[in-house]
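Taking it in order: structure first as structure tokens, then the write-up.
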Amino acid sequence: MLKSTKNGSAKNLKSKGRAVMNPVEAILAKYPLMILDGAFATELEGRGFAINDELWSANALLKAPELVKEVHRSYLEAGADAVSSASYQATIEGFRKRGLTEEEAKELIRLSVRLVRETVEDFWQALPEATRTSRPKPLAVASVGPYGAYLADGSEYKGHYGIGEMELRRFHSDRLGLLLEEKPDLLACETLPCLIEAQALVHELENFPQAYAWVSFSCRNSELISDGTPIAECASWLDKVPQVVAIGLNCTAPQYVVGLIKEIRKHTSKPVVVYPNSGETYDATTKTWRGSPVSYADYAQQWYKDGAKLIGGCCRTTPKDIAAVAAWTRK
């Protein structure tokens, strides 16, 4: 079992005269590791829900909201300290292309946060008191996917969008506001393939001074994010942003994670967040996975030793993988 970390103090933001707690720092002040959830779409598919759709997992908000809660709960039961909403590919533009009105689209984006918050609350209230003292209350996290996810053409693994920061800010602006209306504990700005998109999101986040976010990039190797920018440059820029509570990577091959952690830690003292893929490789053209998964718990122990403080899984990982991480963390 990892030893509890009782020292350390959580940094806060101040807004309108009151302090707002940094939820990641609050957990890491008491616990050595924050366990994230794993793949959402993989679990939907495993339960018989078709995800081969431009809306991908966000289609479940429209067609199967109870199934969304079922997947969230499976990760909480596995031991996750943070569970992310089904909003990764949920955008006003995407829902309107499906034929929904703007108001219907906005309500589905809000719904994604309500579903995860309700699931967390129901799960926590049902736990025995003794169990509650052995783990932190899980965070309800609002997922903010990249512009490339809306395009649904694999652009989140390339990053060469052909548009600038202002266009990216306009794309993300309304969705950030809708997600934050439902008061998630945290935002996950994830699978970002380029620094300019991280900068666009950070500058929009300044309009919501009480909000916190982690920022994670998709990466092509142990030093570079998907568009070829050094992860060191990304960490250095984000290190100066008070609202960013962790920096790292997701949707990346697990063999690159150790090198990326080391590069990030050279340029920031913020916690490092990692939730890579299972080890299988995605073909964006055929929309299929190839190869075999790795022994996730073994990898996760190494990532922790190298300095990662938030660890979970991305594509093709399952509640079993998260349970394996929780097993060596809390045994």
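The chains in the structure tokens are called A, B, ... from first to last as shown; in each chain the residues are counted from 1, and the ligands are counted from 1 in the order shown.
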
If you take only C-alpha atoms and a cut-off of 10 Å, which residues of region 28-113 of chain A touch region 290-314 of chain A, and what are their nearest atom pairs and distances in Å to one decimal, in chain and number order, as CSV?
```
residue,atom,partner,partner_atom,distance
A:Leu28,CA,A:Lys309,CA,7.8
A:Tyr31,CA,A:Lys309,CA,9.6
A:Pro32,CA,A:Lys309,CA,7.0
A:Leu33,CA,A:Lys309,CA,5.0
A:Met34,CA,A:Leu310,CA,4.7
A:Ile35,CA,A:Ile311,CA,5.2
A:Leu36,CA,A:Gly312,CA,4.2
A:Asp37,CA,A:Gly312,CA,5.4
A:Gly38,CA,A:Gly313,CA,4.1
A:Ala39,CA,A:Cys314,CA,4.7
A:Phe40,CA,A:Cys314,CA,8.0
A:Ala41,CA,A:Cys314,CA,9.5
A:Thr42,CA,A:Cys314,CA,9.2
A:Ala80,CA,A:Gly312,CA,8.2
A:Asp81,CA,A:Leu310,CA,9.4
A:Ala82,CA,A:Gly312,CA,9.2
A:Val83,CA,A:Gly312,CA,9.9
```

If we count only C-alpha atoms, what is near region 191-202 of chain A at a cut-off of 6 Å, once residues fewer than 6 positions away on the same chain are taken out, given as a VMD selection string?
chain A and resid 146 156 to 157 159 165 169 216 to 218 226 to 227 250

N, CA and C atoms of the current selection, written as a PDB file, in the first residue's frame:
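The resulting file, again.pdb, is reproduced below:
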```pdb
ATOM      1  N   PRO A 146     -10.846  17.640 -27.800  1.00  0.00           N
ATOM      2  CA  PRO A 146     -10.265  18.603 -28.726  1.00  0.00           C
ATOM      3  C   PRO A 146     -11.165  18.880 -29.927  1.00  0.00           C
ATOM      4  N   GLU A 156      -7.224  14.600 -33.828  1.00  0.00           N
ATOM      5  CA  GLU A 156      -6.661  14.746 -32.482  1.00  0.00           C
ATOM      6  C   GLU A 156      -5.339  14.014 -32.332  1.00  0.00           C
ATOM      7  N   TYR A 157      -4.953  13.263 -33.357  1.00  0.00           N
ATOM      8  CA  TYR A 157      -3.649  12.595 -33.351  1.00  0.00           C
ATOM      9  C   TYR A 157      -2.676  13.242 -34.342  1.00  0.00           C
ATOM     10  N   GLY A 159      -3.159  17.257 -35.178  1.00  0.00           N
ATOM     11  CA  GLY A 159      -3.109  18.612 -34.646  1.00  0.00           C
ATOM     12  C   GLY A 159      -2.959  19.720 -35.655  1.00  0.00           C
ATOM     13  N   GLU A 165      -5.801  30.323 -33.053  1.00  0.00           N
ATOM     14  CA  GLU A 165      -6.262  30.304 -31.669  1.00  0.00           C
ATOM     15  C   GLU A 165      -7.650  30.902 -31.497  1.00  0.00           C
ATOM     16  N   ARG A 169     -10.814  29.173 -29.794  1.00  0.00           N
ATOM     17  CA  ARG A 169     -11.494  29.751 -28.633  1.00  0.00           C
ATOM     18  C   ARG A 169     -12.994  29.832 -28.864  1.00  0.00           C
ATOM     19  N   SER A 216      -4.070  17.575 -20.788  1.00  0.00           N
ATOM     20  CA  SER A 216      -3.299  16.413 -21.221  1.00  0.00           C
ATOM     21  C   SER A 216      -3.270  16.344 -22.748  1.00  0.00           C
ATOM     22  N   PHE A 217      -2.133  15.904 -23.267  1.00  0.00           N
ATOM     23  CA  PHE A 217      -1.871  15.899 -24.701  1.00  0.00           C
ATOM     24  C   PHE A 217      -1.805  14.477 -25.251  1.00  0.00           C
ATOM     25  N   SER A 218      -2.192  14.310 -26.497  1.00  0.00           N
ATOM     26  CA  SER A 218      -1.867  13.076 -27.211  1.00  0.00           C
ATOM     27  C   SER A 218      -0.442  13.240 -27.744  1.00  0.00           C
ATOM     28  N   SER A 226       1.450  15.321 -30.480  1.00  0.00           N
ATOM     29  CA  SER A 226       1.076  14.817 -31.803  1.00  0.00           C
ATOM     30  C   SER A 226       1.485  15.709 -32.964  1.00  0.00           C
ATOM     31  N   ASP A 227       1.471  17.030 -32.781  1.00  0.00           N
ATOM     32  CA  ASP A 227       1.837  17.896 -33.904  1.00  0.00           C
ATOM     33  C   ASP A 227       3.338  18.142 -33.990  1.00  0.00           C
ATOM     34  N   ASN A 250      -2.582  11.724 -22.445  1.00  0.00           N
ATOM     35  CA  ASN A 250      -3.526  10.615 -22.537  1.00  0.00           C
ATOM     36  C   ASN A 250      -3.589  10.168 -23.991  1.00  0.00           C
TER      37      ASN A 250
END
```

For the interface of region 88-192 of chain A with region 52-55 of chain A (cut-off 8 Å, counting only C-alpha atoms), please tabulate each contacting residue of region 88-192 of chain A alongside its nearest pair of atoms and their separation in Å to one decimal, rows sorted by chain and increasing number, as a tab-separated table.
```
residue	atom	partner	partner_atom	distance
A:Gln89	CA	A:Leu55	CA	6.1
A:Ala90	CA	A:Leu55	CA	7.0
A:Gly94	CA	A:Leu55	CA	6.7
A:Phe95	CA	A:Leu55	CA	7.6
A:Tyr150	CA	A:Leu55	CA	7.8
A:Ala152	CA	A:Glu54	CA	5.9
```

Deliver the residues from the most recent selection as a file, using C-alpha atoms, as a CSV table (one decimal), in the first residue's frame.
```csv
chain,number,residue,atom,x,y,z
A,89,GLN,CA,-17.3,14.5,-28.3
A,90,ALA,CA,-20.3,16.4,-27.2
A,94,GLY,CA,-21.9,18.0,-33.6
A,95,PHE,CA,-25.4,17.6,-32.2
A,150,TYR,CA,-15.6,17.0,-33.4
A,152,ALA,CA,-14.1,12.8,-36.3
```

Nearest to Ala78 (chain A), chosen from A:Tyr212, A:Trp237, A:Tyr256, A:Phe123, with only C-alpha atoms counted in the distances
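With only C-alpha atoms as the atom set, the closest residue is A:Phe123.
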
Quote the spacing between CA of Ser278 (chain A) and CA of Ser85 (chain A) in Å to one decimal place.
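About the pair CA of Ser278 (chain A) and CA of Ser85 (chain A): they are 20.0 Å apart.
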
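The smallest atom-to-atom distance between Asn207 (chain A) and any of A:Ser57, A:Thr91, A:Gln243, A:Thr318, using only C-alpha atoms, is found for A:Gln243.
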
Taking only C-alpha atoms into account, which of A:Arg98, A:Lys69, A:Arg330, A:Arg265 comes nearest Leu2 (chain A)?
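Ranking A:Arg98, A:Lys69, A:Arg330, A:Arg265 by distance to Leu2 (chain A), first place goes to A:Arg330.
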
To test your reading of the structure, identify every residue in region 52-207 of chain A that backbone DSSP assigns to strand (DSSP E), and report it as a PyMOL selection string.
chain A and resi 82-84+139-144+186-192

Produce a file of the selected residues containing C-alpha atoms, as a CSV table (one decimal), in the first residue's frame.
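Written output follows (part.csv):
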```csv
chain,number,residue,atom,x,y,z
A,82,ALA,CA,-12.2,10.8,-10.5
A,83,VAL,CA,-14.8,9.9,-13.2
A,84,SER,CA,-15.1,11.9,-16.4
A,139,LEU,CA,-14.4,13.9,-8.3
A,140,ALA,CA,-17.0,14.5,-11.0
A,141,VAL,CA,-14.9,15.7,-13.9
A,142,ALA,CA,-16.2,17.3,-17.1
A,143,SER,CA,-14.4,16.1,-20.2
A,144,VAL,CA,-13.4,18.7,-22.8
A,186,LEU,CA,-12.8,19.8,-12.4
A,187,LEU,CA,-12.4,20.0,-16.2
A,188,ALA,CA,-10.3,17.5,-18.2
A,189,CYS,CA,-9.0,19.3,-21.3
A,190,GLU,CA,-7.7,16.1,-22.9
A,191,THR,CA,-6.2,14.5,-26.0
A,192,LEU,CA,-5.0,17.9,-27.2
```

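Residue nearest Leu61 (chain A) within the list A:Ala26, A:Ala149, A:Leu44, A:Ile109: A:Ile109 [criterion: smallest interatomic distance, only C-alpha atoms].
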
Which one of A:Val244, A:Val215, A:Met21, A:Val272 sits closest to Val258 (chain A) if you count only C-alpha atoms?
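Looking at the shortest contact to Val258 (chain A), the residue is A:Val272.
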
Which of region 45-170 of chain A end up as helix (DSSP H, G or I) when DSSP is run on this backbone - answer as a ChimeraX atom specification?
/A:45-46,56-63,65-78,92-97,102-126,129-132,147-151,155-157,165-170

For CA of Asp122 (chain A) and CA of Pro65 (chain A), the interatomic separation in Å (one decimal)
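Going from CA of Asp122 (chain A) over to CA of Pro65 (chain A), I get 15.5 Å.
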
Tell me which of A:Gln255, A:Asn22, A:Ser112, A:Asn12 sits closest to Ala64 (chain A), counting only C-alpha atoms.
A:Ser112
